[in-house]
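Structure file data06.cif (mmCIF, C-alpha atoms and all ligand atoms) is printed below.
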```cif
data_target
#
loop_
_atom_site.group_PDB
_atom_site.id
_atom_site.type_symbol
_atom_site.label_atom_id
_atom_site.label_comp_id
_atom_site.auth_asym_id
_atom_site.auth_seq_id
_atom_site.Cartn_x
_atom_site.Cartn_y
_atom_site.Cartn_z
ATOM 1 C CA MET J 28 62.559 101.334 69.577
ATOM 2 C CA LYS J 29 65.733 101.775 67.584
ATOM 3 C CA LEU J 30 66.247 104.916 65.513
ATOM 4 C CA VAL J 31 68.993 105.277 62.961
ATOM 5 C CA LEU J 32 70.100 108.823 62.452
ATOM 6 C CA GLN J 33 72.414 110.255 59.916
ATOM 7 C CA TYR J 34 74.467 113.412 60.086
ATOM 8 C CA GLU J 35 73.791 115.780 57.209
ATOM 9 C CA ASP J 36 77.423 116.791 56.771
ATOM 10 C CA LYS J 37 79.232 113.599 57.775
ATOM 11 C CA PRO J 38 79.137 110.046 56.471
ATOM 12 C CA MET J 39 78.322 108.946 59.993
ATOM 13 C CA LYS J 40 75.345 107.102 61.393
ATOM 14 C CA ARG J 41 74.214 106.690 64.922
ATOM 15 C CA THR J 42 71.691 104.336 66.449
ATOM 16 C CA VAL J 43 69.783 105.357 69.553
ATOM 17 C CA HIS J 44 67.196 103.511 71.599
ATOM 18 C CA VAL J 45 64.170 105.673 72.241
ATOM 19 C CA HIS J 46 60.766 105.419 73.862
ATOM 20 C CA GLN J 47 57.564 106.636 72.253
ATOM 21 C CA THR J 48 57.278 109.336 74.920
ATOM 22 C CA ASP J 49 60.806 110.727 74.358
ATOM 23 C CA THR J 50 60.877 114.200 72.881
ATOM 24 C CA ILE J 51 63.053 115.169 69.918
ATOM 25 C CA LYS J 52 65.149 117.123 72.415
ATOM 26 C CA ASP J 53 65.706 113.841 74.347
ATOM 27 C CA VAL J 54 66.717 112.100 71.120
ATOM 28 C CA LEU J 55 69.311 114.799 70.437
ATOM 29 C CA ARG J 56 70.599 114.450 73.991
ATOM 30 C CA LEU J 57 70.936 110.701 73.467
ATOM 31 C CA MET J 58 72.925 111.418 70.330
ATOM 32 C CA LYS J 59 75.255 113.576 72.417
ATOM 33 C CA VAL J 60 75.009 116.601 70.164
ATOM 34 C CA LYS J 61 75.055 120.144 71.420
ATOM 35 C CA LYS J 62 72.639 121.558 68.881
ATOM 36 C CA GLY J 63 70.993 120.563 65.683
ATOM 37 C CA THR J 64 67.693 119.908 64.003
ATOM 38 C CA LEU J 65 66.328 116.489 63.278
ATOM 39 C CA LYS J 66 64.693 116.304 59.905
ATOM 40 C CA LEU J 67 62.337 113.680 58.551
ATOM 41 C CA ASN J 68 62.142 113.767 54.758
ATOM 42 C CA GLY J 69 63.483 117.315 54.797
ATOM 43 C CA ARG J 70 60.865 118.515 57.351
ATOM 44 C CA PRO J 71 62.337 119.737 60.678
ATOM 45 C CA LEU J 72 60.888 118.138 63.791
ATOM 46 C CA THR J 73 60.077 120.427 66.705
ATOM 47 C CA SER J 74 62.137 119.810 69.814
ATOM 48 C CA ASN J 75 59.232 119.394 72.245
ATOM 49 C CA SER J 76 57.250 116.993 70.079
ATOM 50 C CA THR J 77 57.588 113.311 70.965
ATOM 51 C CA VAL J 78 58.579 110.240 68.972
ATOM 52 C CA ARG J 79 54.919 109.221 69.074
ATOM 53 C CA ASP J 80 53.686 112.673 67.911
ATOM 54 C CA ASN J 81 55.900 112.386 64.854
ATOM 55 C CA ARG J 82 54.960 108.717 64.297
ATOM 56 C CA LEU J 83 58.591 107.855 63.947
ATOM 57 C CA SER J 84 59.545 104.301 63.148
ATOM 58 C CA SER J 85 62.888 102.542 62.766
ATOM 59 C CA ARG J 86 62.331 102.560 59.007
ATOM 60 C CA ASP J 87 62.360 106.370 58.855
ATOM 61 C CA ARG J 88 65.421 108.098 57.522
ATOM 62 C CA LEU J 89 66.198 110.790 60.039
ATOM 63 C CA VAL J 90 68.842 113.354 59.232
ATOM 64 C CA LEU J 91 70.536 115.619 61.711
ATOM 65 C CA ALA J 92 71.358 119.057 60.348
ATOM 66 C CA GLY J 93 73.622 121.739 61.828
ATOM 67 C CA SER J 94 74.934 119.473 64.527
ATOM 68 C CA ARG J 95 78.067 119.567 66.508
ATOM 69 C CA ALA J 96 79.043 116.268 68.041
ATOM 70 C CA VAL J 97 80.333 116.568 71.578
ATOM 71 C CA GLN J 98 83.913 115.480 71.809
ATOM 72 C CA VAL J 99 84.157 112.916 74.557
ATOM 73 C CA LYS J 100 87.697 113.218 75.799
ATOM 74 C CA PRO J 101 89.134 110.107 77.417
ATOM 75 C CA LYS J 102 89.778 110.769 81.070
ATOM 76 C CA VAL J 103 93.490 110.653 81.681
ATOM 77 C CA HIS J 104 94.444 109.832 85.200
ATOM 78 C CA THR J 105 97.598 111.730 86.113
ATOM 79 C CA ARG J 106 99.920 110.165 88.598
ATOM 80 C CA THR J 107 101.042 113.193 90.541
ATOM 81 C CA LEU J 108 102.414 112.475 93.959
ATOM 82 C CA PRO J 109 100.677 114.515 96.669
ATOM 83 C CA PRO J 110 102.699 117.151 98.564
ATOM 84 C CA GLY J 111 104.603 115.567 101.415
ATOM 85 C CA ALA J 112 104.790 112.121 99.770
ATOM 86 C CA PRO J 113 108.161 110.440 100.425
ATOM 87 C CA LEU J 114 110.355 110.981 97.384
ATOM 88 C CA GLY J 115 113.133 108.696 96.204
ATOM 89 C CA ALA J 116 116.542 110.229 95.541
ATOM 90 C CA SER J 117 117.826 107.560 93.165
ATOM 91 C CA SER J 118 116.579 107.031 89.614
ATOM 92 C CA CYS J 119 113.501 104.946 88.799
ATOM 93 C CA MET J 120 114.347 101.257 89.177
ATOM 94 C CA ILE J 121 112.392 100.395 85.999
ATOM 95 C CA THR J 122 113.011 103.241 83.542
ATOM 96 C CA LEU J 123 116.249 104.525 85.141
ATOM 97 C CA GLU J 124 114.891 108.070 84.641
ATOM 98 C CA ASN J 125 115.366 110.778 87.192
ATOM 99 C CA ASN J 126 113.640 113.726 85.523
ATOM 100 C CA SER J 127 110.297 113.345 87.338
ATOM 101 C CA PRO J 128 109.400 112.595 90.993
ATOM 102 C CA ARG J 129 109.892 109.015 92.139
ATOM 103 C CA SER J 130 108.120 107.331 95.028
ATOM 104 C CA LEU J 131 110.310 106.121 97.828
ATOM 105 C CA MET J 132 109.252 102.573 98.582
ATOM 106 C CA SER J 133 109.364 101.018 102.069
ATOM 107 C CA CYS J 134 112.436 99.007 101.046
ATOM 108 C CA GLY J 135 114.289 102.241 100.212
ATOM 109 C CA HIS J 136 114.191 101.912 96.416
ATOM 110 C CA SER J 137 112.755 104.515 94.037
ATOM 111 C CA ILE J 138 110.173 104.105 91.311
ATOM 112 C CA LYS J 139 108.041 106.430 89.204
ATOM 113 C CA PRO J 140 104.307 106.199 90.040
ATOM 114 C CA GLN J 141 103.490 105.217 86.431
ATOM 115 C CA SER J 142 106.211 102.527 86.399
ATOM 116 C CA LEU J 143 104.919 101.207 89.716
ATOM 117 C CA PHE J 144 101.400 101.054 88.334
ATOM 118 C CA GLU J 145 102.504 99.239 85.162
ATOM 119 C CA TYR J 146 104.736 96.801 87.043
ATOM 120 C CA CYS J 147 102.029 95.950 89.609
ATOM 121 C CA LEU J 148 99.357 95.564 86.934
ATOM 122 C CA ASN J 149 101.602 93.274 84.936
ATOM 123 C CA GLU J 150 102.307 91.188 88.011
ATOM 124 C CA VAL J 151 98.668 90.648 88.943
ATOM 125 C CA ARG J 152 97.808 89.936 85.319
ATOM 126 C CA SER J 153 100.447 87.193 85.403
ATOM 127 C CA GLY J 154 98.711 85.586 88.382
ATOM 128 C CA ARG J 155 100.829 86.957 91.249
ATOM 129 C CA VAL J 156 99.152 87.346 94.628
ATOM 130 C CA GLU J 157 101.621 89.884 96.025
ATOM 131 C CA TRP J 158 104.081 92.478 94.797
ATOM 132 C CA ARG J 159 107.779 92.178 95.402
ATOM 133 C CA CYS J 160 110.322 94.905 94.718
ATOM 134 C CA PRO J 161 112.139 94.010 91.462
ATOM 135 C CA TYR J 162 115.147 96.227 92.192
ATOM 136 C CA ILE J 163 118.488 94.774 91.148
ATOM 137 C CA ASP J 164 121.653 96.648 92.006
ATOM 138 C CA PRO J 165 123.248 97.615 88.649
ATOM 139 C CA LYS J 166 126.674 97.187 90.253
ATOM 140 C CA ASP J 167 125.794 93.690 91.430
ATOM 141 C CA THR J 168 128.095 91.226 89.711
ATOM 142 C CA ASN J 169 126.199 88.195 90.950
ATOM 143 C CA PRO J 170 125.140 86.306 87.795
ATOM 144 C CA LEU J 171 121.936 85.197 89.571
ATOM 145 C CA PHE J 172 120.651 88.810 89.748
ATOM 146 C CA VAL J 173 119.535 88.909 93.342
ATOM 147 C CA MET J 174 116.600 91.261 93.482
ATOM 148 C CA CYS J 175 115.417 93.219 96.514
ATOM 149 C CA GLY J 176 112.237 91.108 96.784
ATOM 150 C CA ARG J 177 110.681 93.037 99.671
ATOM 151 C CA VAL J 178 106.891 92.699 99.662
ATOM 152 C CA TRP J 179 104.886 95.879 99.062
ATOM 153 C CA ASP J 180 101.416 95.836 100.510
ATOM 154 C CA MET J 181 98.245 97.061 98.833
ATOM 155 C CA GLU J 182 98.102 100.292 100.810
ATOM 156 C CA GLU J 183 101.642 101.212 99.818
ATOM 157 C CA VAL J 184 101.001 100.495 96.139
ATOM 158 C CA GLU J 185 97.719 102.450 96.222
ATOM 159 C CA GLN J 186 99.457 105.537 97.602
ATOM 160 C CA LYS J 187 102.751 105.411 95.769
ATOM 161 C CA ALA J 188 101.319 104.531 92.348
ATOM 162 C CA CYS J 189 98.623 107.238 92.861
ATOM 163 C CA LEU J 190 95.891 104.758 91.969
ATOM 164 C CA SER J 191 92.425 105.984 91.074
ATOM 165 C CA ASN J 192 89.453 104.385 92.845
ATOM 166 C CA ARG J 193 88.770 102.318 89.733
ATOM 167 C CA GLU J 194 92.354 101.047 89.633
ATOM 168 C CA LYS J 195 92.246 100.182 93.345
ATOM 169 C CA LEU J 196 89.180 98.054 92.678
ATOM 170 C CA LEU J 197 90.805 96.475 89.626
ATOM 171 C CA PHE J 198 93.922 95.495 91.598
ATOM 172 C CA LYS J 199 91.890 94.100 94.504
ATOM 173 C CA ARG J 200 89.750 92.081 92.105
ATOM 174 C CA HIS J 201 92.850 90.652 90.370
ATOM 175 C CA ILE J 202 94.487 89.689 93.672
ATOM 176 C CA LYS J 203 91.296 88.047 94.947
ATOM 177 C CA GLN J 204 90.942 86.051 91.734
ATOM 178 C CA ASN J 205 94.633 85.022 91.790
ATOM 179 C CA VAL J 206 94.381 83.892 95.431
ATOM 180 C CA ARG J 207 91.324 81.818 94.526
ATOM 181 C CA GLU J 208 93.171 80.248 91.575
ATOM 182 C CA LYS J 209 96.223 79.548 93.712
ATOM 183 C CA ASN J 210 94.162 77.880 96.433
ATOM 184 C CA ARG J 211 92.369 75.793 93.831
ATOM 185 C CA SER J 212 95.609 74.526 92.263
ATOM 186 C CA CYS J 213 97.041 73.919 95.756
ATOM 187 C CA ASN J 214 94.016 71.780 96.659
ATOM 188 C CA MET J 215 94.326 69.923 93.352
ATOM 189 C CA PHE J 216 97.989 69.204 94.102
ATOM 190 C CA GLN J 217 97.132 67.910 97.591
ATOM 191 C CA ILE J 218 94.432 65.633 96.174
ATOM 192 C CA LYS J 219 96.816 64.295 93.494
ATOM 193 C CA TYR J 220 99.554 63.813 96.094
ATOM 194 C CA ARG J 221 97.154 61.971 98.412
ATOM 195 C CA ILE J 222 95.931 59.732 95.591
ATOM 196 C CA SER J 223 99.478 58.834 94.483
ATOM 197 C CA ARG J 224 100.512 58.096 98.108
ATOM 198 C CA ASP J 225 97.448 55.904 98.633
ATOM 199 C CA THR J 226 98.229 54.025 95.408
ATOM 200 C CA GLU J 227 101.824 53.464 96.569
ATOM 201 C CA ASN J 228 100.570 52.115 99.901
ATOM 202 C CA VAL J 229 98.205 49.686 98.130
ATOM 203 C CA SER J 230 100.960 48.326 95.903
HETATM 204 ZN ZN ZN J 301 113.353 97.319 96.983
#
```

For this file, produce the structure as structure tokens.
Amino acid sequence: MKLVLQYEDKPMKRTVHVHQTDTIKDVLRLMKVKKGTLKLNGRPLTSNSTVRDNRLSSRDRLVLAGSRAVQVKPKVHTRTLPPGAPLGASSCMITLENNSPRSLMSCGHSIKPQSLFEYCLNEVRSGRVEWRCPYIDPKDTNPLFVMCGRVWDMEEVEQKACLSNREKLLFKRHIKQNVREKNRSCNMFQIKYRISRDTENVS
């Protein structure tokens, strides 16, 4: 059953799904409030009584008095390199900053863990199936901008971008999907190529 609850002091409503056997205490827990009293038509409901005991229905106007909503802080994943991690001496190849630790990549170029994360995420979101170092020598006068291009493997990116378990899964899922897409378009190309060759042979 759905219960709509209103805060006494705030113009805020909350809907919770409850069972008949849930106690008022359970309802408050579902509302994620630390303390408070649920009132039905001004009458406070006792915490150990159930939804059924109080004959609550979704039509009832329940008001929560003296509550304090729990602040759910978004979990920020900090990208702090572990002690002993290889550090790059040159500035970050993306942001050009050198005021925070940079990871030293296997190709010898430096990048901040956050920049590495953002770059790699952007790459897989664009359909790439591998990561290549985008470093371009600022002193390079070649108009074609020859980039480093060394491939970084998953393990290296996981460590040097300080990925959380969730991010590791996200990256793996993206790569898997991109490989599948790539194989599909490759097969389509081969089929088209075969068809056009066969047609040429017939004519
Ligand atoms: Zn490189």

List every residue of chain J that has an atom at most 6 Å from any atom of ligand ZN 301 (chain J), giving for each one its closest atom pair and the distance in Å to one decimal, counting only C-alpha atoms and all ligand atoms, sorted by chain and then by ascending residue number, as JSON lines.
```
{"residue": "J:Cys134", "atom": "CA", "partner": "J:ZN301", "partner_atom": "ZN", "distance": 4.5}
{"residue": "J:Gly135", "atom": "CA", "partner": "J:ZN301", "partner_atom": "ZN", "distance": 6.0}
{"residue": "J:His136", "atom": "CA", "partner": "J:ZN301", "partner_atom": "ZN", "distance": 4.7}
{"residue": "J:Cys160", "atom": "CA", "partner": "J:ZN301", "partner_atom": "ZN", "distance": 4.5}
{"residue": "J:Tyr162", "atom": "CA", "partner": "J:ZN301", "partner_atom": "ZN", "distance": 5.2}
{"residue": "J:Cys175", "atom": "CA", "partner": "J:ZN301", "partner_atom": "ZN", "distance": 4.6}
{"residue": "J:Arg177", "atom": "CA", "partner": "J:ZN301", "partner_atom": "ZN", "distance": 5.7}
```

Legend entry - Distance criterion (all atoms listed in the file): nearest to J:Lys187 out of J:Asn149, J:Gln204, J:Ser133, J:Asn214: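 Ranked by minimum distance to J:Lys187, first place goes to J:Ser133.
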
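Going from atom CA of J:Trp158 over to atom CA of J:His201, you cover 12.2 Å.
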
Inset, instruction - Could you tell me which residues the PyMOL selection byres (((chain J and resi 37-50) around 7) and not hetatm) returns for this structure, as number ranges by chain? - result: J: 28-36, 51-54, 57-58, 74-79

Inset, instruction - Write out as a ChimeraX atom specification each polymer residue whose atoms come within 9 Å of J:Met120, counting all atoms listed in the file; drop sequence neighbours fewer than 6 positions from it. - result: /J:136-139,142,161-163

Legend entry - Counting all atoms listed in the file, the residue of J:Leu108, J:Leu83, J:Leu197, J:Cys119 that sits nearest J:Leu148: J:Leu197

Inset, instruction - In Å, rounded to a single decimal, give me how far atom CA of J:Met174 is from atom CA of J:Val151. - result: 18.5 Å

Emit as AutoDock Vina command-line options the padded axis-aligned box for all listed atoms of stretch 104-110 of chain J, 8 Å per side, with centre and edge lengths in Å to one decimal.
```
--center_x 98.6 --center_y 113.5 --center_z 91.9 --size_x 24.3 --size_y 23.3 --size_z 29.4
```

Legend entry - Pairwise distance for atom CA of J:Val60 and atom CA of J:Val90, rounded to one decimal in Å: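 Separation between atom CA of J:Val60 and atom CA of J:Val90: 13.0 Å.
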
Might you pull out every residue within 10 Å of J:Asn205, with all atoms listed in the file counted and same-chain residues fewer than 4 positions away left off, and present them as a PDB file with C-alpha atoms, keeping the file's coordinate frame?
```pdb
ATOM      1  CA  VAL J 151      98.668  90.648  88.943  1.00  0.00           C
ATOM      2  CA  ARG J 152      97.808  89.936  85.319  1.00  0.00           C
ATOM      3  CA  SER J 153     100.447  87.193  85.403  1.00  0.00           C
ATOM      4  CA  GLY J 154      98.711  85.586  88.382  1.00  0.00           C
ATOM      5  CA  ARG J 155     100.829  86.957  91.249  1.00  0.00           C
ATOM      6  CA  VAL J 156      99.152  87.346  94.628  1.00  0.00           C
ATOM      7  CA  GLU J 157     101.621  89.884  96.025  1.00  0.00           C
ATOM      8  CA  LYS J 199      91.890  94.100  94.504  1.00  0.00           C
ATOM      9  CA  ARG J 200      89.750  92.081  92.105  1.00  0.00           C
ATOM     10  CA  HIS J 201      92.850  90.652  90.370  1.00  0.00           C
ATOM     11  CA  LYS J 209      96.223  79.548  93.712  1.00  0.00           C
ATOM     12  CA  ASN J 210      94.162  77.880  96.433  1.00  0.00           C
ATOM     13  CA  ARG J 211      92.369  75.793  93.831  1.00  0.00           C
TER      14      ARG J 211
END
```

Inset, instruction - May I ask which of the residues J:Lys66, J:Asn169, J:Met132, J:Cys147 is the closest one to J:Lys195, counting all atoms listed in the file? - result: J:Cys147

Inset, instruction - List, as a PyMOL selection string, every residue that the PyMOL selection byres (((chain J and resi 128) around 12) and not hetatm) selects in the file provided. - result: chain J and resi 106-119+124-127+129-131+137-142+187-188

Legend entry - Nearest to J:Trp179, chosen from J:Lys166, J:Arg70, J:Arg88, J:Leu143, with all atoms listed in the file counted in the distances: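 For J:Trp179, the nearest of the candidates is J:Leu143.
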
Inset, instruction - Name the closest residue to J:Asp164 among the candidates J:Glu150, J:Leu190, J:Ile121, J:Phe198; distances are taken between atoms, counting all atoms listed in the file. - result: J:Ile121
